[in-house]
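J.: Just dropping this structure here.
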Amino acid sequence: MKLRHLLFASAIAVASVGCNNKTTEDTSTTTETTTTATPATDSLQQKLDMYTSFKLTADMSKLTAKERQMIPLLIEAGKIMDKLFWYEAYGKGDSLLTALDNDAAIQFVKINYGPWDRLNNNAPFIPGVGPKPAGSNFYPTNMTKEEFEKANLKDKTSLYTFVRRDASGKLITVPYHVQFKDDVKRASDLLKQAAALADDAGLKKYLTLRADALLTDNYQPSDLAWMDMKNNTIDVVIGPIETYEDALFGYKAAHEAYVLIKDQDWSKRLAKYAAFLPELQRGLPVAATYKKETPGTDSDLNAYDVVFYGGDSNAGSKTIAINLPNDEQVQLKRGTRRLQLKNAMRAKFDKILVPIADELIADDQQKHITFDAFFANTMFHEVAHGLGIKNTVNGKGTVREALKEHASALEEGKADILGLYMITQLHEKGQVEGSLEDYYTTFLAGIFRSVRFGASSAHGKANMVRFNFFKENGAFERDAATGKYRVNYTKMREAMNKLSEKILTLQGNGDYAGVGKMLDEQGLVDANLQADLDRLSKANIPVDVVFEQGVEVLGLK
């Protein structure tokens, strides 16, 4: 069902963004812009129609009474993360929303957490609004990269500090827990209340440590505790986590939240794959120096129904799988946990991927578009984040530090291509069912889906690079008469190995200039592809989903 004006007024909980603890000159950093007019409602309605509504529900019958009491507390904490992300992404979001005079504009601003269209390269859609600052609201908008690099501030590259100016105009840093003092205190209290209800010892410990972390910005103890959880049914991912919103340097983490219910049956099916990581790491198609790290073997792979998205995870395109923690030290010690968001994944497959395949995949190959392949491609993308290399081979520090704002796009590209590599290797070992044709064809259809997220998305740019690389290497052919694509399975496998080697080498070398060159040259949409993507829009195929969510949707009080 397409969105209509107020259809999802309750779907996205957006609190006004007026932080209680402002620093000196804080108002100079806001990205708030004076609007001169509201765009035409018809134009904005077309933008709203790029999203299709989906109700986030789950089977609550298997939850205990205490677990049912926990969920509203966790959702309330998630709404606070939503508020903090508004500040990070835009600034004074309440003043922006108040200035708008039609429902379509208000709803589209809420989807994007600001006046920039996240599925259209962050193009402004409100008249009078300029380009989105690359550093969002993490840095002063009048700060140059050179000024930042020269500033002698020990924690300026911290994931958890804002860069601001003092009264004299000098750059200073402000820790998140100081900037958001009152809000994180409320969120911390809610997590502690949830911890008191938790019967599972691992969950109780994690919630308690995460509550403390919100007050100190020391997240590693709670990340380690999160890795230790094995038997919990309720889960929550909460706090400043991903760095996509900082397109200036990729240093600053943005606040988000997921509230999750584990699907125990599906999770049992997935548990075996993490054990193959060391073997798959050794077999990567790259020189030995780029695969010398040993991935953690305590990695966890589970399926969940997600019942709440907040903040960064809810902005624009919605995440359907999670691979965390991002802390490289934790990854090397313990590995990561991979959470497959089954209900959200099914929504995107049914409402988006299948219609895309009908339009763009050769008729005789459409039989290879399956949910199991889509689930596996998505799942192994997350598992593949654990493969490869986390620290450069030449003393440039971590890959993330060396590649700066390019790190996220290249890492997403690595995970996509190594996910397909993992499926190929495990299929040959008899550990993955189905035909490789299913996985490869669904993988190509998935590129079309993700490319539509736009170049401002790390996932969208990564998919565009891969599409152009596959095209150059003959992994698919396009029928000029029908405009449909046919996978060449042999050449796709060859291109998969070749691109894997290229990405892993760039990461291991910390080759900032090389990655920038690749993204600039291959992260582009050519005329043929744009025409094909336009066909998807004309066919009214949505780009992404927006959620109806919350305690009322779940039937909880």
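We name chains A, B, ... following the order of the structure tokens; residues begin at 1 in each chain, and ligands are numbered from 1 as shown.
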Give me, as a Markdown table, each residue of region 235-314 of chain A that comes within 7 Å of region 485-504 of chain A, together with its shortest interatomic pair and the distance in Å at one decimal, counting only C-alpha atoms, with rows ordered by chain and rising residue number.
T.:
```
| residue | atom | partner | partner_atom | distance |
| --- | --- | --- | --- | --- |
| A:Pro285 | CA | A:Glu501 | CA | 5.8 |
| A:Val286 | CA | A:Glu501 | CA | 4.9 |
| A:Tyr290 | CA | A:Leu504 | CA | 6.7 |
```
J.: Find the spatial neighbours of Arg334 (chain A), counting only C-alpha atoms, within a cut-off of 12 Å - ignore same-chain residues fewer than 5 positions away - and output them as a list in words.
T.: Gln220, Asp223, Leu224, Ala225, Trp226, Met227, Asp228, Met229, Ala274, Thr294, Pro295, Gly296, Thr297, Asp298, Ser299, Asp300, Leu324, Pro325, Asn326, Asp327, Glu328, Gln329 and Gly386 of chain A
J.: Using N, CA and C atoms, can you write the selected residues to a file as a compact mmCIF listing (two decimals), in the first residue's frame?
T.:
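Dumped to selection_6.txt:
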```txt
# COMPACT_ATOMS: atom_id res chain seq x y z
N GLN A 220 33.01 -0.11 25.13
CA GLN A 220 33.62 -1.41 24.91
C GLN A 220 33.18 -2.47 25.92
N ASP A 223 29.91 -3.69 24.77
CA ASP A 223 30.06 -4.44 23.53
C ASP A 223 30.50 -5.88 23.82
N LEU A 224 31.46 -6.02 24.71
CA LEU A 224 31.93 -7.36 25.08
C LEU A 224 30.81 -8.16 25.75
N ALA A 225 30.03 -7.51 26.60
CA ALA A 225 28.91 -8.19 27.26
C ALA A 225 27.86 -8.58 26.23
N TRP A 226 27.65 -7.75 25.25
CA TRP A 226 26.68 -8.06 24.18
C TRP A 226 27.13 -9.30 23.41
N MET A 227 28.43 -9.42 23.19
CA MET A 227 28.96 -10.60 22.50
C MET A 227 28.77 -11.87 23.33
N ASP A 228 28.71 -11.74 24.64
CA ASP A 228 28.60 -12.91 25.51
C ASP A 228 27.17 -13.44 25.61
N MET A 229 26.20 -12.66 25.18
CA MET A 229 24.80 -13.10 25.29
C MET A 229 24.53 -14.24 24.30
N ALA A 274 29.20 -19.62 11.45
CA ALA A 274 30.30 -18.84 12.01
C ALA A 274 31.57 -19.67 12.17
N THR A 294 43.21 -13.36 12.00
CA THR A 294 42.30 -14.48 12.25
C THR A 294 41.00 -13.95 12.81
N PRO A 295 39.89 -14.15 12.11
CA PRO A 295 38.61 -13.64 12.63
C PRO A 295 38.22 -14.36 13.90
N GLY A 296 37.52 -13.66 14.79
CA GLY A 296 37.06 -14.27 16.03
C GLY A 296 36.13 -15.43 15.74
N THR A 297 36.24 -16.47 16.54
CA THR A 297 35.42 -17.67 16.33
C THR A 297 34.21 -17.72 17.25
N ASP A 298 34.03 -16.68 18.06
CA ASP A 298 32.89 -16.64 18.97
C ASP A 298 31.74 -15.87 18.34
N SER A 299 31.79 -15.75 17.01
CA SER A 299 30.77 -14.99 16.31
C SER A 299 29.40 -15.66 16.44
N ASP A 300 28.37 -14.83 16.38
CA ASP A 300 27.01 -15.29 16.63
C ASP A 300 26.15 -14.92 15.43
N LEU A 324 27.64 -6.32 14.21
CA LEU A 324 28.23 -5.48 15.26
C LEU A 324 28.93 -6.37 16.29
N PRO A 325 29.80 -5.79 17.14
CA PRO A 325 30.17 -4.38 17.26
C PRO A 325 31.14 -3.94 16.16
N ASN A 326 31.28 -2.63 15.99
CA ASN A 326 32.24 -2.08 15.03
C ASN A 326 33.64 -1.96 15.61
N ASP A 327 33.77 -2.04 16.92
CA ASP A 327 35.06 -1.90 17.59
C ASP A 327 36.02 -3.00 17.10
N GLU A 328 37.11 -2.58 16.43
CA GLU A 328 38.04 -3.56 15.86
C GLU A 328 38.66 -4.46 16.92
N GLN A 329 38.92 -3.92 18.11
CA GLN A 329 39.50 -4.73 19.18
C GLN A 329 38.54 -5.83 19.62
N GLY A 386 33.31 -9.88 8.95
CA GLY A 386 34.33 -10.45 9.82
C GLY A 386 35.55 -10.97 9.08
```
J.: Can you work out which one of A:Tyr440, A:Thr173, A:Asp189, A:Asp263 has the shortest atom-to-atom distance to Ile369 (chain A), counting only C-alpha atoms?
T.: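 The closest residue to Ile369 (chain A) is A:Tyr440.
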J.: Could you find all residues in region 193-431 of chain A that DSSP calls helix (DSSP H, G or I) from the backbone, and write them as a PyMOL selection string?
T.: chain A and resi 193-197+201-216+220-228+264-270+273-282+288-290+312-314+328-334+342-360+363-368+371-384+399-428
J.: Name the residues of region 400-541 of chain A that come out as strand (DSSP E) in a backbone DSSP run; write them as a compact mmCIF listing (two decimals) with C-alpha atoms, in the first residue's frame.
T.:
```
# COMPACT_ATOMS: atom_id res chain seq x y z
CA PHE A 476 25.97 -9.95 -17.07
CA GLU A 477 24.63 -8.86 -20.42
CA ARG A 478 21.80 -6.42 -21.10
CA ASP A 479 19.35 -7.17 -23.90
CA LYS A 484 16.50 -6.99 -19.24
CA TYR A 485 19.66 -8.43 -17.75
CA ARG A 486 21.04 -11.96 -18.00
CA VAL A 487 23.67 -13.29 -15.59
```
J.: Could you tell me which of A:Ala462, A:Met345, A:Ala275, A:Val307 comes closest to Ile320 (chain A) if we count only C-alpha atoms?
T.: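 Counting only C-alpha atoms, the residue closest to Ile320 (chain A) is A:Met345.
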J.: Can you work out which one of A:Ser408, A:Ser267, A:Asn102, A:Asn394 has the shortest atom-to-atom distance to Gly510 (chain A), counting only C-alpha atoms?
T.: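 Nearest to Gly510 (chain A): A:Asn394.
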J.: Can you pull out every residue within 12 Å of Thr144 (chain A), counting only C-alpha atoms, but drop anything in the same chain fewer than 4 positions away, and send it as an mmCIF file with N, CA and C atoms, in the first residue's frame?
T.:
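File produced: out-v1.cif:
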```
data_model
loop_
_atom_site.group_PDB
_atom_site.id
_atom_site.type_symbol
_atom_site.label_atom_id
_atom_site.label_comp_id
_atom_site.auth_asym_id
_atom_site.auth_seq_id
_atom_site.Cartn_x
_atom_site.Cartn_y
_atom_site.Cartn_z
ATOM 1 N N PRO A 133 25.409 19.651 4.800
ATOM 2 C CA PRO A 133 26.829 19.661 5.187
ATOM 3 C C PRO A 133 27.366 18.237 5.253
ATOM 4 N N ALA A 134 28.556 18.027 4.706
ATOM 5 C CA ALA A 134 29.135 16.683 4.696
ATOM 6 C C ALA A 134 29.295 16.131 6.106
ATOM 7 N N GLY A 135 29.582 17.007 7.045
ATOM 8 C CA GLY A 135 29.760 16.574 8.424
ATOM 9 C C GLY A 135 28.494 16.609 9.241
ATOM 10 N N TYR A 139 30.136 18.777 13.239
ATOM 11 C CA TYR A 139 31.206 19.779 13.171
ATOM 12 C C TYR A 139 30.593 21.145 12.858
ATOM 13 N N PRO A 140 31.311 22.243 13.133
ATOM 14 C CA PRO A 140 30.854 23.554 12.678
ATOM 15 C C PRO A 140 30.790 23.572 11.148
ATOM 16 N N PHE A 148 40.564 21.361 10.803
ATOM 17 C CA PHE A 148 40.395 20.212 11.693
ATOM 18 C C PHE A 148 41.707 19.451 11.850
ATOM 19 N N GLU A 149 42.385 19.205 10.737
ATOM 20 C CA GLU A 149 43.624 18.430 10.786
ATOM 21 C C GLU A 149 44.683 19.124 11.634
ATOM 22 N N LYS A 150 44.710 20.442 11.601
ATOM 23 C CA LYS A 150 45.731 21.197 12.337
ATOM 24 C C LYS A 150 45.394 21.352 13.819
ATOM 25 N N ALA A 151 44.131 21.188 14.162
ATOM 26 C CA ALA A 151 43.710 21.408 15.555
ATOM 27 C C ALA A 151 44.350 20.388 16.491
ATOM 28 N N VAL A 163 32.530 18.368 17.503
ATOM 29 C CA VAL A 163 33.513 19.447 17.367
ATOM 30 C C VAL A 163 32.741 20.751 17.303
ATOM 31 N N LEU A 171 38.390 25.795 17.902
ATOM 32 C CA LEU A 171 37.748 24.487 17.914
ATOM 33 C C LEU A 171 37.927 23.808 19.262
ATOM 34 N N LEU A 248 32.021 13.689 6.180
ATOM 35 C CA LEU A 248 33.209 14.540 6.089
ATOM 36 C C LEU A 248 34.465 13.733 6.389
ATOM 37 N N PHE A 249 34.435 12.995 7.500
ATOM 38 C CA PHE A 249 35.584 12.185 7.880
ATOM 39 C C PHE A 249 35.232 10.716 8.173
#
```
J.: Restricting the calculation to only C-alpha atoms, which member of A:Leu209, A:Gln46, A:Asn343, A:Leu214 is positioned closest to Ser188 (chain A)?
T.: A:Leu214
J.: Could you check the closest approach to Ser158 (chain A) for each of A:Val237, A:Ala211, A:Ala287, A:Ala253 and tell me which residue wins, using only C-alpha atoms?
T.: A:Ala253
J.: Determine, counting only C-alpha atoms, which protein, DNA and RNA residues have an atom within 10 Å of an atom of Pro72 (chain A); residues of the same chain fewer than 3 positions away are not included. Present the result as a ChimeraX atom specification.
T.: /A:67-69,75-78,190,194,259,550-552,554,556-557
J.: Smallest atom-to-atom distance to Ala196 (chain A): which of A:Ala373, A:Asn231, A:Gly508, A:Lys66, using only C-alpha atoms?
T.: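 Of the candidates, the smallest distance to Ala196 (chain A) is held by A:Lys66.
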J.: What does the distance from CA of Glu433 (chain A) to CA of Ala271 (chain A) come to in Å, to one decimal?
T.: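 We find that CA of Glu433 (chain A) and CA of Ala271 (chain A) lie 15.2 Å from each other.
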J.: Env of Leu159 (chain A): 8 Å cut, atoms = only C-alpha atoms, seq-sep filter 5 positions within chain, self excluded. Answer as an MDAnalysis selection string.
T.: chainID A and resid 243 251:253
J.: Name all residues at most 8 Å from Ala58 (chain A) (count only C-alpha atoms; drop same-chain ones fewer than 2 positions away) and give them as a PyMOL selection string.
T.: chain A and resi 56+60+261+305-307+554
J.: In Å, how far is it from CA of Ala288 (chain A) to CA of Val383 (chain A)?
T.: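 Between CA of Ala288 (chain A) and CA of Val383 (chain A) the gap is 20.5 Å.
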J.: Set the distance at 7 Å and use only C-alpha atoms: which residues neighbour region 281-283 of chain A once local chain neighbours fewer than 6 positions away are removed? I'd like the list as a list in words.
T.: Lys291, Leu387 and Gly388 of chain A
J.: Between CA of Gln425 (chain A) and CA of Leu506 (chain A), measure the distance and give it in Å to one decimal.
T.: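 For CA of Gln425 (chain A) relative to CA of Leu506 (chain A), the distance reads 22.9 Å.
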